[in-house]
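J.: I have a structure here, written as C-alpha cells, and I will follow up with some questions on it.
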Amino acid sequence: MSDAEAKVEALATGEWGGGSFPYAVGSKKFGMWLFIISDALTFSVLLIAYGYLRLANKNWPEPFEFYPSLVTATVMTLCLLSSSLTMVMAVAARQREDRSATVKWLLATMAGGLAFLVLHANEWLKLIGEGMKPFQNPWGAPLFGASFFTLTGMHMFHVLSGVGFLGVVAVATARAKFTSEDVEICGLYWHFVDLVWMFIFPLVYVMSIHHG
Amino acid sequence: MSHNAAVKHAEPATKLFMWVWIWLLLLTAGEVVLGYEQYPVKLMLTMLMSLSVIKAGLIMAYFMHLRFEKMKLVLTLVPALVIILCLFSIFFFPDSLRLLDLGWGR
C-alpha cells in the first residue's frame, strides 16, 4: 500500500473520517439531540417574549390563586416528573430485552402525559370561562392571553405529540420491532418536554400568583 | 447469564434514578414555597431560575443520559445552547431591568 492509500485508509476508518461514530451515538440519536437543541431555542424565545411583554406592560394580570391554580400546576409537574421516571424505567427494561415490562412502563409514561394534558386543558377552560381571550381579558394587559396561550399551547402540543410518539413505540415494542435505541430516542424527547415545563412552571405560574 | 448480569447492573441505576426523581420533587416543592412566600421580583426570579437550571441539569445529566455520553457530544450540544441563551439575555435584561426600575412591571 502506498503512502497516499494509507492516508485515505486512515481517514476512512478514523473517528472523523466517517469510518465510525465520532460521538459514539447513532445518527438517529444525534439527530434527536440536534432537534432538542433547536426546540429548546424555540421555547426560550417564547419564554423571553413572555417575560418581555410582562415587563413592558404595567398591568400584567396575576390570575393564578395559590389554590387551586398553583396546586394544580404542581400536580401537573408531579405528573411529568413521574412520567420521566417511568420513561427511564422503560429504557432500562428495553436494554435488558424485557419487552413486556418496556410496554408497561411506556403505558405508565403515557398515562402521566395524559393526566398532564387533562389537568392543563381544564386550567385553560377555567381561564377561558373567566373571560380570557388571546387579545382581551378581564384583569389587565390584553396580550397576556396571547402569550400565555402560545407558550403553554406549544408545550401542550409537544406533550400530545410525545404521547403519540410513546404510543407508536409501545405498539412497535409489543410487536417485537424497534431497537432499544429507538426507545431511548423517544425517551430523550419525553425528558425534553418535561425539562421545558421546569421553566414554564416557575416563570408563568409561580411568578404570577395573585395575592389579594 | 447475560440477562442476570444486566439485571444486577440495572438495580443501582434504578436507585440512582429514584434519587434524581426525589431531588427534582424537592426542588419543585422549594419553588412552590417561594410562590407562597413571595419575595421582591429580582430576588424571586434569581432564586426560581437557579432552581430551574439545577433541575434542567439533573434531567439532562441523568434522565437524558448526558453524563454517561462522550464529553465531545456534550461539548457539541450544550455550549452552543448556553451561548445563544446568553445572547438573548444581553438583549433582554438591560431593557427589562430598566423598565423594572422605572416602576413598571412586577
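To be explicit about the labels: the chains of the C-alpha cells are called A, B, and onward in the order shown, and within each one the residues are counted from 1, while ligands get numbers from 1 in the order they are shown.
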Each residue of chain B with at least one atom at most 8 Å from chain A should appear once, together with its nearest atom pair and the corresponding distance in Å (one decimal); atoms considered: only C-alpha atoms; ordering: chain, then increasing residue number; output as a Markdown table.
T.:
```
| residue | atom | partner | partner_atom | distance |
| --- | --- | --- | --- | --- |
| B:His3 | CA | A:Arg96 | CA | 6.6 |
| B:Ala6 | CA | A:Arg96 | CA | 5.9 |
| B:Val7 | CA | A:Arg96 | CA | 7.1 |
| B:Ala10 | CA | A:Ala92 | CA | 7.0 |
| B:Thr14 | CA | A:Met89 | CA | 7.4 |
| B:Phe17 | CA | A:Leu85 | CA | 7.0 |
| B:Met18 | CA | A:Leu85 | CA | 7.4 |
| B:Trp21 | CA | A:Leu85 | CA | 6.7 |
| B:Leu24 | CA | A:Leu81 | CA | 7.5 |
| B:Leu25 | CA | A:Leu78 | CA | 7.2 |
| B:Thr28 | CA | A:Thr74 | CA | 7.7 |
| B:Glu31 | CA | A:Pro202 | CA | 7.0 |
| B:Val32 | CA | A:Val206 | CA | 6.9 |
| B:Leu34 | CA | A:Val206 | CA | 7.7 |
| B:Gly35 | CA | A:Val206 | CA | 5.0 |
| B:Tyr36 | CA | A:Phe66 | CA | 7.1 |
| B:Met44 | CA | A:Met207 | CA | 7.8 |
| B:Leu45 | CA | A:Met207 | CA | 7.8 |
| B:Leu48 | CA | A:Pro202 | CA | 6.4 |
| B:Met49 | CA | A:Phe199 | CA | 7.7 |
| B:Ser52 | CA | A:Met198 | CA | 6.0 |
| B:Lys55 | CA | A:Met198 | CA | 7.2 |
| B:Ala56 | CA | A:Leu195 | CA | 5.7 |
| B:Ile59 | CA | A:Leu195 | CA | 6.8 |
| B:Met60 | CA | A:His191 | CA | 7.9 |
| B:Phe63 | CA | A:Val88 | CA | 6.4 |
| B:Met64 | CA | A:Leu188 | CA | 5.6 |
| B:Glu69 | CA | A:Ala24 | CA | 7.8 |
| B:Lys70 | CA | A:Tyr23 | CA | 6.4 |
| B:Lys72 | CA | A:Tyr23 | CA | 6.6 |
| B:Leu73 | CA | A:Tyr23 | CA | 5.5 |
| B:Leu77 | CA | A:Ile37 | CA | 7.1 |
| B:Leu81 | CA | A:Ile37 | CA | 6.6 |
| B:Leu85 | CA | A:Ser44 | CA | 7.6 |
| B:Phe88 | CA | A:Ile48 | CA | 8.0 |
| B:Phe92 | CA | A:Tyr52 | CA | 7.1 |
| B:Ser96 | CA | A:Leu55 | CA | 6.1 |
| B:Leu99 | CA | A:Leu55 | CA | 6.6 |
| B:Leu100 | CA | A:Leu55 | CA | 6.8 |
| B:Trp104 | CA | A:Lys58 | CA | 5.1 |
| B:Gly105 | CA | A:Leu55 | CA | 4.4 |
| B:Arg106 | CA | A:Leu55 | CA | 7.0 |
```
J.: I want to know what sits within 7 Å of A:Phe135, based on only C-alpha atoms, with residues of the same chain fewer than 6 positions away left out; could you give that as a list in words?
T.: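 So the residues in contact are Pro142, Leu143, Gly145 and Ala146 of chain A.
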J.: To one decimal place, how far is atom CA of A:Thr152 from atom CA of A:Phe116 in Å?
T.: 11.9 Å
J.: Tell me, in Å to one decimal, how far atom CA of A:Ser147 is from atom CA of A:Pro63.
T.: 14.0 Å
J.: Smallest atom-to-atom distance to B:Ala13: which of B:Phe93, B:Val41, B:Val53, B:His65, using only C-alpha atoms?
T.: B:His65
J.: So that I can check the surroundings of A:Cys186, please list as a list in words every protein, DNA and RNA residue that reaches within 9 Å of it, counting only C-alpha atoms and ignoring chain neighbours fewer than 6 positions away.
T.: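 Contacts, in chain order: Met32, Met87, Gly162, Phe165, Leu166 and Val169 of chain A.
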J.: I need the chosen residues saved as an mmCIF file, in the first residue's frame, with C-alpha atoms.
T.:
```cif
data_model
loop_
_atom_site.group_PDB
_atom_site.id
_atom_site.type_symbol
_atom_site.label_atom_id
_atom_site.label_comp_id
_atom_site.auth_asym_id
_atom_site.auth_seq_id
_atom_site.Cartn_x
_atom_site.Cartn_y
_atom_site.Cartn_z
ATOM 1 C CA MET A 32 -32.875 13.854 18.063
ATOM 2 C CA MET A 87 -39.668 6.513 30.860
ATOM 3 C CA GLY A 162 -44.987 12.888 22.804
ATOM 4 C CA PHE A 165 -44.756 9.009 19.851
ATOM 5 C CA LEU A 166 -44.804 6.862 23.010
ATOM 6 C CA VAL A 169 -43.034 2.980 20.243
#
```
J.: In Å, how far is it from atom CA of A:Ala115 to atom CA of A:Leu151?
T.: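 Separation of atom CA of A:Ala115 and atom CA of A:Leu151: 19.1 Å.
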J.: With distances taken over only C-alpha atoms, which residue among B:Asp101, B:Ser89, B:Leu27, B:Asp95 lies nearest B:Ser50?
T.: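 Closest to B:Ser50 of all the choices is B:Leu27.
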J.: For A:Val103, list every protein, DNA or RNA residue within 10 Å, evaluated using only C-alpha atoms, and leave out those in the same chain fewer than 2 positions away; present the list as a PyMOL selection string.
T.: chain A and resi 90+93-94+98-101+105-109+166-167+169-174
J.: When you look at stretch 125-130 of chain A with a cut-off of 12 Å (counting only C-alpha atoms), what residues show up, excluding the ones that are within fewer than 4 positions of it in the same chain? I need them as a ChimeraX atom specification.
T.: /A:61-65,68-69,118-121,134-139,144-145,148-149
J.: Could you take the residues named above and write them with C-alpha atoms, as a compact mmCIF listing (two decimals), in the first residue's frame?
T.:
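Saved result, part_5.txt, follows:
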```
# COMPACT_ATOMS: atom_id res chain seq x y z
CA PRO A 61 -52.53 40.08 35.11
CA GLU A 62 -51.85 37.76 38.02
CA PRO A 63 -54.89 35.50 37.71
CA PHE A 64 -53.48 32.46 39.49
CA GLU A 65 -54.60 31.83 43.05
CA PRO A 68 -56.39 25.89 43.08
CA SER A 69 -54.15 27.15 40.22
CA VAL A 118 -56.35 16.72 31.09
CA LEU A 119 -55.33 18.96 34.00
CA HIS A 120 -53.88 21.58 31.69
CA ALA A 121 -56.93 21.59 29.38
CA PRO A 134 -55.95 35.96 23.14
CA PHE A 135 -56.24 39.74 22.94
CA GLN A 136 -58.60 40.54 25.75
CA ASN A 137 -59.03 39.58 29.41
CA PRO A 138 -60.85 40.99 32.42
CA TRP A 139 -57.69 41.57 34.52
CA PHE A 144 -51.41 38.21 28.48
CA GLY A 145 -53.82 35.82 26.76
CA PHE A 148 -49.94 32.53 27.76
CA PHE A 149 -51.89 30.52 25.18
```
